[in-house]
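Engineer: Got a file for you: model.cif, mmCIF, C-alpha atoms.
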```cif
data_final
#
loop_
_atom_site.group_PDB
_atom_site.id
_atom_site.type_symbol
_atom_site.label_atom_id
_atom_site.label_comp_id
_atom_site.auth_asym_id
_atom_site.auth_seq_id
_atom_site.Cartn_x
_atom_site.Cartn_y
_atom_site.Cartn_z
ATOM 1 C CA MET A 76 27.328 -53.732 45.716
ATOM 2 C CA VAL A 77 24.979 -55.956 47.666
ATOM 3 C CA ARG A 78 22.657 -54.407 50.211
ATOM 4 C CA VAL A 79 21.639 -56.773 53.001
ATOM 5 C CA TRP A 80 19.376 -56.271 56.015
ATOM 6 C CA ILE A 81 18.720 -59.201 58.327
ATOM 7 C CA ALA A 82 16.336 -59.447 61.289
ATOM 8 C CA ALA A 83 14.545 -62.194 63.211
ATOM 9 C CA THR A 84 11.737 -62.424 60.614
ATOM 10 C CA ASP A 85 11.244 -61.312 57.023
ATOM 11 C CA GLY A 86 8.459 -58.937 58.051
ATOM 12 C CA GLU A 87 10.532 -57.334 60.790
ATOM 13 C CA ALA A 88 13.493 -56.847 58.444
ATOM 14 C CA GLN A 89 11.301 -55.199 55.818
ATOM 15 C CA GLU A 90 9.556 -52.899 58.309
ATOM 16 C CA LEU A 91 12.882 -51.812 59.816
ATOM 17 C CA PHE A 92 14.685 -51.306 56.506
ATOM 18 C CA TYR A 93 11.988 -49.568 54.443
ATOM 19 C CA PRO A 94 11.931 -46.106 56.123
ATOM 20 C CA GLY A 95 15.669 -45.530 55.721
ATOM 21 C CA CYS A 96 15.709 -46.981 52.226
ATOM 22 C CA ARG A 97 12.833 -44.691 51.238
ATOM 23 C CA GLU A 98 14.546 -41.629 52.734
ATOM 24 C CA ILE A 99 17.788 -42.206 50.838
ATOM 25 C CA HIS A 100 16.001 -43.157 47.618
ATOM 26 C CA ASP A 101 13.800 -40.065 47.798
ATOM 27 C CA ARG A 102 16.687 -37.710 48.584
ATOM 28 C CA ILE A 103 18.821 -38.931 45.688
ATOM 29 C CA GLY A 104 15.812 -39.357 43.417
ATOM 30 C CA ALA A 105 14.722 -35.750 43.965
ATOM 31 C CA LEU A 106 18.100 -34.578 42.684
ATOM 32 C CA ARG A 107 17.561 -36.659 39.558
ATOM 33 C CA GLY A 108 13.916 -35.759 38.995
ATOM 34 C CA ARG A 109 12.573 -39.160 40.060
ATOM 35 C CA PRO A 110 9.340 -39.743 41.994
ATOM 36 C CA PRO A 111 9.352 -40.900 45.625
ATOM 37 C CA LEU A 112 9.756 -44.611 46.377
ATOM 38 C CA ARG A 113 6.413 -46.348 46.855
ATOM 39 C CA ARG A 114 6.045 -49.298 49.212
ATOM 40 C CA GLU A 115 4.944 -51.454 46.276
ATOM 41 C CA GLN A 116 8.248 -50.733 44.513
ATOM 42 C CA PHE A 117 10.224 -51.606 47.629
ATOM 43 C CA ASP A 118 8.303 -54.865 48.062
ATOM 44 C CA ALA A 119 8.958 -55.748 44.402
ATOM 45 C CA GLU A 120 12.702 -55.127 44.870
ATOM 46 C CA VAL A 121 12.729 -57.425 47.896
ATOM 47 C CA GLU A 122 10.718 -60.084 46.066
ATOM 48 C CA SER A 123 12.952 -59.988 42.987
ATOM 49 C CA GLY A 124 16.117 -60.253 45.077
ATOM 50 C CA SER A 125 17.451 -56.780 44.246
ATOM 51 C CA LEU A 126 17.417 -56.041 47.977
ATOM 52 C CA TYR A 127 18.417 -58.757 50.426
ATOM 53 C CA VAL A 128 15.994 -57.997 53.249
ATOM 54 C CA GLY A 129 14.774 -60.830 55.457
ATOM 55 C CA SER A 130 15.564 -63.381 58.097
ATOM 56 C CA VAL A 131 18.760 -65.402 58.346
ATOM 57 C CA GLU A 132 16.792 -68.479 57.312
ATOM 58 C CA THR A 133 15.404 -66.798 54.198
ATOM 59 C CA TRP A 134 18.773 -65.649 52.942
ATOM 60 C CA SER A 135 20.733 -68.752 53.861
ATOM 61 C CA ARG A 136 18.284 -70.659 51.603
ATOM 62 C CA ALA A 137 18.286 -68.010 48.883
ATOM 63 C CA LEU A 138 22.039 -67.487 48.591
ATOM 64 C CA PRO A 139 24.053 -70.625 47.832
ATOM 65 C CA GLY A 140 27.012 -70.919 50.147
ATOM 66 C CA ALA A 141 25.766 -68.085 52.339
ATOM 67 C CA GLY A 142 25.506 -70.102 55.523
ATOM 68 C CA MET A 143 26.217 -67.941 58.536
ATOM 69 C CA ARG A 144 29.658 -68.621 59.958
ATOM 70 C CA SER A 145 31.249 -67.255 63.050
ATOM 71 C CA ALA A 146 34.248 -64.999 62.426
ATOM 72 C CA ARG A 147 37.165 -66.048 64.617
#
```
Could you spell out this file's structure in structure tokens?
Structural biologist:
Amino acid sequence: MVRVWIAATDGEAQELFYPGCREIHDRIGALRGRPPLRREQFDAEVESGSLYVGSVETWSRALPGAGMRSAR
């Protein structure tokens, strides 16, 4: 499963996506005895490519063949 969040800029995408990601992570993590998600962990996941969170330009460069195409 690939999780993708795209916005006008990388910073905007990360700021919009983080709160919901943290909420879900923390809810499931609590059931499994895991600590809450820290912002540093989230940023590391974005940086490593585990979470695709950024602008269209960022991800069209990062993902070969991922150019945005119109669905018709």
Engineer: Would you mind listing what lies within 9 Å of A:Leu112 as a list in words, with only C-alpha atoms counted and same-chain residues fewer than 2 positions away left out?
Structural biologist: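 So, after excluding close chain neighbours, the residues are Cys96, Arg97, Glu98, His100, Asp101, Gly104, Arg109, Pro110, Arg114, Glu115, Gln116 and Phe117 of chain A.
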Engineer: Neighbours of stretch 85-91 of chain A within 8 Å (all atoms listed in the file; same-chain residues fewer than 5 positions away dropped), as a ChimeraX atom specification?
Structural biologist: /A:80,128-130,133
Engineer: Work out how far apart atom CA of A:Gly124 and atom CA of A:Arg136 are and give it in Å to one decimal.
Structural biologist: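 Atom-to-atom, atom CA of A:Gly124 and atom CA of A:Arg136 are spaced 12.5 Å apart.
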Engineer: Out of A:Glu132, A:Arg102, A:Gly108, A:Tyr93, which residue has the shortest atom-to-atom distance to A:Glu120 when counting all atoms listed in the file?
Structural biologist: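 Using all atoms listed in the file, A:Glu120 sits closest to A:Tyr93.
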Engineer: Rounded to one decimal in Å, what is the spacing between atom CA of A:Ala83 and atom CA of A:Trp134?
Structural biologist: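 Computing the Euclidean distance for atom CA of A:Ala83 and atom CA of A:Trp134 yields 11.6 Å.
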Engineer: Do you have the atom CA of A:Val79-atom CA of A:Leu106 distance handy?
Structural biologist: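 Between atom CA of A:Val79 and atom CA of A:Leu106 the gap works out to 24.7 Å.
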Engineer: Kindly complete stretch 81-94 of chain A to N, CA and C atoms; the output should be written as a PDB file, in the frame of the given file.
Structural biologist:
```pdb
ATOM      1  N   ILE A  81      19.199 -57.958  57.726  1.00  0.00           N
ATOM      2  CA  ILE A  81      18.720 -59.201  58.327  1.00  0.00           C
ATOM      3  C   ILE A  81      18.136 -58.917  59.700  1.00  0.00           C
ATOM      4  N   ALA A  82      16.989 -59.547  59.979  1.00  0.00           N
ATOM      5  CA  ALA A  82      16.336 -59.447  61.289  1.00  0.00           C
ATOM      6  C   ALA A  82      15.762 -60.818  61.631  1.00  0.00           C
ATOM      7  N   ALA A  83      15.080 -60.913  62.737  1.00  0.00           N
ATOM      8  CA  ALA A  83      14.545 -62.194  63.211  1.00  0.00           C
ATOM      9  C   ALA A  83      13.532 -62.781  62.222  1.00  0.00           C
ATOM     10  N   THR A  84      12.727 -61.948  61.585  1.00  0.00           N
ATOM     11  CA  THR A  84      11.737 -62.424  60.614  1.00  0.00           C
ATOM     12  C   THR A  84      11.824 -61.565  59.353  1.00  0.00           C
ATOM     13  N   ASP A  85      11.280 -62.084  58.266  1.00  0.00           N
ATOM     14  CA  ASP A  85      11.244 -61.312  57.023  1.00  0.00           C
ATOM     15  C   ASP A  85      10.463 -60.012  57.211  1.00  0.00           C
ATOM     16  N   GLY A  86       9.299 -60.119  57.846  1.00  0.00           N
ATOM     17  CA  GLY A  86       8.459 -58.937  58.051  1.00  0.00           C
ATOM     18  C   GLY A  86       9.151 -57.872  58.880  1.00  0.00           C
ATOM     19  N   GLU A  87       9.823 -58.295  59.942  1.00  0.00           N
ATOM     20  CA  GLU A  87      10.532 -57.334  60.790  1.00  0.00           C
ATOM     21  C   GLU A  87      11.650 -56.654  60.006  1.00  0.00           C
ATOM     22  N   ALA A  88      12.400 -57.421  59.233  1.00  0.00           N
ATOM     23  CA  ALA A  88      13.493 -56.847  58.444  1.00  0.00           C
ATOM     24  C   ALA A  88      12.961 -55.806  57.468  1.00  0.00           C
ATOM     25  N   GLN A  89      11.863 -56.124  56.794  1.00  0.00           N
ATOM     26  CA  GLN A  89      11.301 -55.199  55.818  1.00  0.00           C
ATOM     27  C   GLN A  89      10.772 -53.933  56.482  1.00  0.00           C
ATOM     28  N   GLU A  90      10.097 -54.076  57.604  1.00  0.00           N
ATOM     29  CA  GLU A  90       9.556 -52.899  58.309  1.00  0.00           C
ATOM     30  C   GLU A  90      10.673 -52.012  58.849  1.00  0.00           C
ATOM     31  N   LEU A  91      11.765 -52.594  59.295  1.00  0.00           N
ATOM     32  CA  LEU A  91      12.882 -51.812  59.816  1.00  0.00           C
ATOM     33  C   LEU A  91      13.678 -51.133  58.708  1.00  0.00           C
ATOM     34  N   PHE A  92      13.837 -51.808  57.582  1.00  0.00           N
ATOM     35  CA  PHE A  92      14.685 -51.306  56.506  1.00  0.00           C
ATOM     36  C   PHE A  92      13.987 -50.266  55.619  1.00  0.00           C
ATOM     37  N   TYR A  93      12.700 -50.420  55.400  1.00  0.00           N
ATOM     38  CA  TYR A  93      11.988 -49.568  54.443  1.00  0.00           C
ATOM     39  C   TYR A  93      12.103 -48.062  54.711  1.00  0.00           C
ATOM     40  N   PRO A  94      11.886 -47.572  55.930  1.00  0.00           N
ATOM     41  CA  PRO A  94      11.931 -46.106  56.123  1.00  0.00           C
ATOM     42  C   PRO A  94      13.264 -45.474  55.703  1.00  0.00           C
TER      43      PRO A  94
END
```
